[in-house]
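Working notes, structure below.
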Amino acid sequence: MQIVGINGRIERNHLSTNTIGIQITGTDNLVIGNSVKGGTSRYSIVAGNRVATIAAPPANVAAINVSSGGANLSTDPNANVAY
C-alpha cells in the first residue's frame, strides 16, 4: 500500500508478502492498527506522519495454555504489527 498524499488515515489493514507493506511518502497521515507480514520492508514511512507503536512479536513464543504463554505485543489497542 503506497500513500503519496497528505492528511490520510491508514487503519486496520492487513498486508502480506509485499516487497513494502505500507509506504508513505506524503506527510500528516495517521497510521494505526495495521498488520504487515513478510516482505523486504514492512513499513517505510517518511518523517512528518503520526504512527502508532509498531510492535514486532518474537518468532518463537512459548506454548499457550489457558492464560499463560504467547507474547505480549503491546498494550496499545492501536498498535501496528510487523511479523
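In the C-alpha cells, chains take the letters A, B, ... in the order shown, each chain's residues start at 1, and ligands count up from 1 in the order shown.
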
Worksheet item: Got a sec: who's within 7 Å of Ile45 in chain A, counting only C-alpha atoms, leaving out chain neighbours fewer than 3 positions off, as a list of chain:residue names?
Response: A:Gln23, A:Ile24, A:Thr25

Dump as a PDB file, in the first residue's frame, selection limited to all heavy atoms:
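File out_35.pdb, as written:
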```pdb
ATOM      1  N   GLN A  23       3.942   1.983   2.591  1.00  0.00           N
ATOM      2  CA  GLN A  23       4.923   3.000   2.229  1.00  0.00           C
ATOM      3  C   GLN A  23       4.214   4.344   2.149  1.00  0.00           C
ATOM      4  O   GLN A  23       3.237   4.491   1.418  1.00  0.00           O
ATOM      5  CB  GLN A  23       5.566   2.682   0.882  1.00  0.00           C
ATOM      6  CG  GLN A  23       6.584   3.711   0.453  1.00  0.00           C
ATOM      7  CD  GLN A  23       7.248   3.358  -0.873  1.00  0.00           C
ATOM      8  OE1 GLN A  23       6.652   2.703  -1.715  1.00  0.00           O
ATOM      9  NE2 GLN A  23       8.462   3.797  -1.041  1.00  0.00           N
ATOM     10  N   ILE A  24       4.722   5.301   2.909  1.00  0.00           N
ATOM     11  CA  ILE A  24       4.123   6.634   2.910  1.00  0.00           C
ATOM     12  C   ILE A  24       5.203   7.651   2.588  1.00  0.00           C
ATOM     13  O   ILE A  24       6.203   7.753   3.292  1.00  0.00           O
ATOM     14  CB  ILE A  24       3.475   6.950   4.271  1.00  0.00           C
ATOM     15  CG1 ILE A  24       2.393   5.896   4.559  1.00  0.00           C
ATOM     16  CG2 ILE A  24       2.887   8.352   4.276  1.00  0.00           C
ATOM     17  CD1 ILE A  24       1.740   6.045   5.895  1.00  0.00           C
ATOM     18  N   THR A  25       4.993   8.397   1.502  1.00  0.00           N
ATOM     19  CA  THR A  25       5.940   9.434   1.105  1.00  0.00           C
ATOM     20  C   THR A  25       5.374  10.826   1.328  1.00  0.00           C
ATOM     21  O   THR A  25       6.096  11.802   1.215  1.00  0.00           O
ATOM     22  CB  THR A  25       6.345   9.262  -0.379  1.00  0.00           C
ATOM     23  OG1 THR A  25       5.168   9.295  -1.194  1.00  0.00           O
ATOM     24  CG2 THR A  25       7.074   7.945  -0.597  1.00  0.00           C
TER      25      THR A  25
END
```

Item to complete: Skip range 6-20 of chain A itself and residues of its chain fewer than 5 positions away, then list as a PyMOL selection string all residues within 8 Å of it, counting only C-alpha atoms.
Response: chain A and resi 1+26-44

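The residues of range 30-60 of chain A that DSSP assigns to strand (DSSP E) on this backbone come out as Leu30, Val31, Ile32, Ser35, Val36, Lys37, Ser41, Arg42, Tyr43, Ser44, Ile45, Arg50, Val51, Ile54 and Ala55 of chain A.
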
Selection to disk with N, CA, C and O atoms, as a PDB file, in the first residue's frame:
```
ATOM      1  N   LEU A  30      -2.159   9.516   9.326  1.00  0.00           N
ATOM      2  CA  LEU A  30      -2.310   8.772  10.577  1.00  0.00           C
ATOM      3  C   LEU A  30      -2.285   7.283  10.253  1.00  0.00           C
ATOM      4  O   LEU A  30      -3.024   6.819   9.379  1.00  0.00           O
ATOM      5  N   VAL A  31      -1.422   6.517  10.950  1.00  0.00           N
ATOM      6  CA  VAL A  31      -1.268   5.085  10.693  1.00  0.00           C
ATOM      7  C   VAL A  31      -1.519   4.333  11.996  1.00  0.00           C
ATOM      8  O   VAL A  31      -0.721   4.414  12.930  1.00  0.00           O
ATOM      9  N   ILE A  32      -2.650   3.596  12.072  1.00  0.00           N
ATOM     10  CA  ILE A  32      -2.990   2.875  13.304  1.00  0.00           C
ATOM     11  C   ILE A  32      -3.617   1.513  12.999  1.00  0.00           C
ATOM     12  O   ILE A  32      -4.334   1.351  12.023  1.00  0.00           O
ATOM     13  N   SER A  35      -1.479  -4.517  10.249  1.00  0.00           N
ATOM     14  CA  SER A  35      -0.535  -5.629  10.396  1.00  0.00           C
ATOM     15  C   SER A  35       0.085  -5.909   9.037  1.00  0.00           C
ATOM     16  O   SER A  35      -0.594  -5.885   8.014  1.00  0.00           O
ATOM     17  N   VAL A  36       1.390  -6.126   9.052  1.00  0.00           N
ATOM     18  CA  VAL A  36       2.137  -6.385   7.819  1.00  0.00           C
ATOM     19  C   VAL A  36       2.989  -7.632   8.038  1.00  0.00           C
ATOM     20  O   VAL A  36       3.738  -7.717   8.997  1.00  0.00           O
ATOM     21  N   LYS A  37       2.861  -8.601   7.123  1.00  0.00           N
ATOM     22  CA  LYS A  37       3.599  -9.864   7.237  1.00  0.00           C
ATOM     23  C   LYS A  37       4.540 -10.018   6.054  1.00  0.00           C
ATOM     24  O   LYS A  37       4.164  -9.791   4.914  1.00  0.00           O
ATOM     25  N   SER A  41      10.603  -4.778   3.369  1.00  0.00           N
ATOM     26  CA  SER A  41      10.433  -3.644   4.278  1.00  0.00           C
ATOM     27  C   SER A  41       8.958  -3.573   4.660  1.00  0.00           C
ATOM     28  O   SER A  41       8.115  -3.255   3.827  1.00  0.00           O
ATOM     29  N   ARG A  42       8.647  -3.881   5.885  1.00  0.00           N
ATOM     30  CA  ARG A  42       7.239  -3.910   6.284  1.00  0.00           C
ATOM     31  C   ARG A  42       6.619  -2.519   6.345  1.00  0.00           C
ATOM     32  O   ARG A  42       5.512  -2.309   5.900  1.00  0.00           O
ATOM     33  N   TYR A  43       7.348  -1.563   6.913  1.00  0.00           N
ATOM     34  CA  TYR A  43       6.874  -0.179   6.992  1.00  0.00           C
ATOM     35  C   TYR A  43       7.968   0.736   6.490  1.00  0.00           C
ATOM     36  O   TYR A  43       9.114   0.633   6.924  1.00  0.00           O
ATOM     37  N   SER A  44       7.653   1.628   5.571  1.00  0.00           N
ATOM     38  CA  SER A  44       8.582   2.641   5.086  1.00  0.00           C
ATOM     39  C   SER A  44       7.825   3.968   5.092  1.00  0.00           C
ATOM     40  O   SER A  44       7.023   4.245   4.194  1.00  0.00           O
ATOM     41  N   ILE A  45       8.060   4.760   6.128  1.00  0.00           N
ATOM     42  CA  ILE A  45       7.255   5.962   6.362  1.00  0.00           C
ATOM     43  C   ILE A  45       8.177   7.148   6.611  1.00  0.00           C
ATOM     44  O   ILE A  45       9.021   7.109   7.507  1.00  0.00           O
ATOM     45  N   ARG A  50       1.972  10.657  11.724  1.00  0.00           N
ATOM     46  CA  ARG A  50       1.644  10.195  13.060  1.00  0.00           C
ATOM     47  C   ARG A  50       1.406   8.688  12.974  1.00  0.00           C
ATOM     48  O   ARG A  50       0.493   8.229  12.295  1.00  0.00           O
ATOM     49  N   VAL A  51       2.262   7.934  13.669  1.00  0.00           N
ATOM     50  CA  VAL A  51       2.247   6.472  13.568  1.00  0.00           C
ATOM     51  C   VAL A  51       2.196   5.870  14.967  1.00  0.00           C
ATOM     52  O   VAL A  51       3.034   6.181  15.811  1.00  0.00           O
ATOM     53  N   ILE A  54       4.868   0.413  16.515  1.00  0.00           N
ATOM     54  CA  ILE A  54       4.987  -0.753  15.636  1.00  0.00           C
ATOM     55  C   ILE A  54       5.591  -1.872  16.474  1.00  0.00           C
ATOM     56  O   ILE A  54       6.747  -1.796  16.887  1.00  0.00           O
ATOM     57  N   ALA A  55       4.784  -2.875  16.775  1.00  0.00           N
ATOM     58  CA  ALA A  55       5.206  -3.993  17.612  1.00  0.00           C
ATOM     59  C   ALA A  55       5.659  -5.145  16.733  1.00  0.00           C
ATOM     60  O   ALA A  55       5.051  -5.428  15.705  1.00  0.00           O
TER      61      ALA A  55
END
```

Worksheet item: Within 12 Å of Thr75 in chain A, counting only C-alpha atoms, which residues qualify if same-chain residues fewer than 3 places away don't, as a PyMOL selection string?
Response: chain A and resi 52-55+71-72+78-80

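Distance-wise, CA of Pro77 in chain A and CA of Gly5 in chain A end up 25.7 Å apart.
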
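Between CA of Pro57 in chain A and CA of Ile3 in chain A the separation is 25.4 Å.
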
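We find CA of Asn49 in chain A and CA of Val4 in chain A to be spaced 11.7 Å apart.
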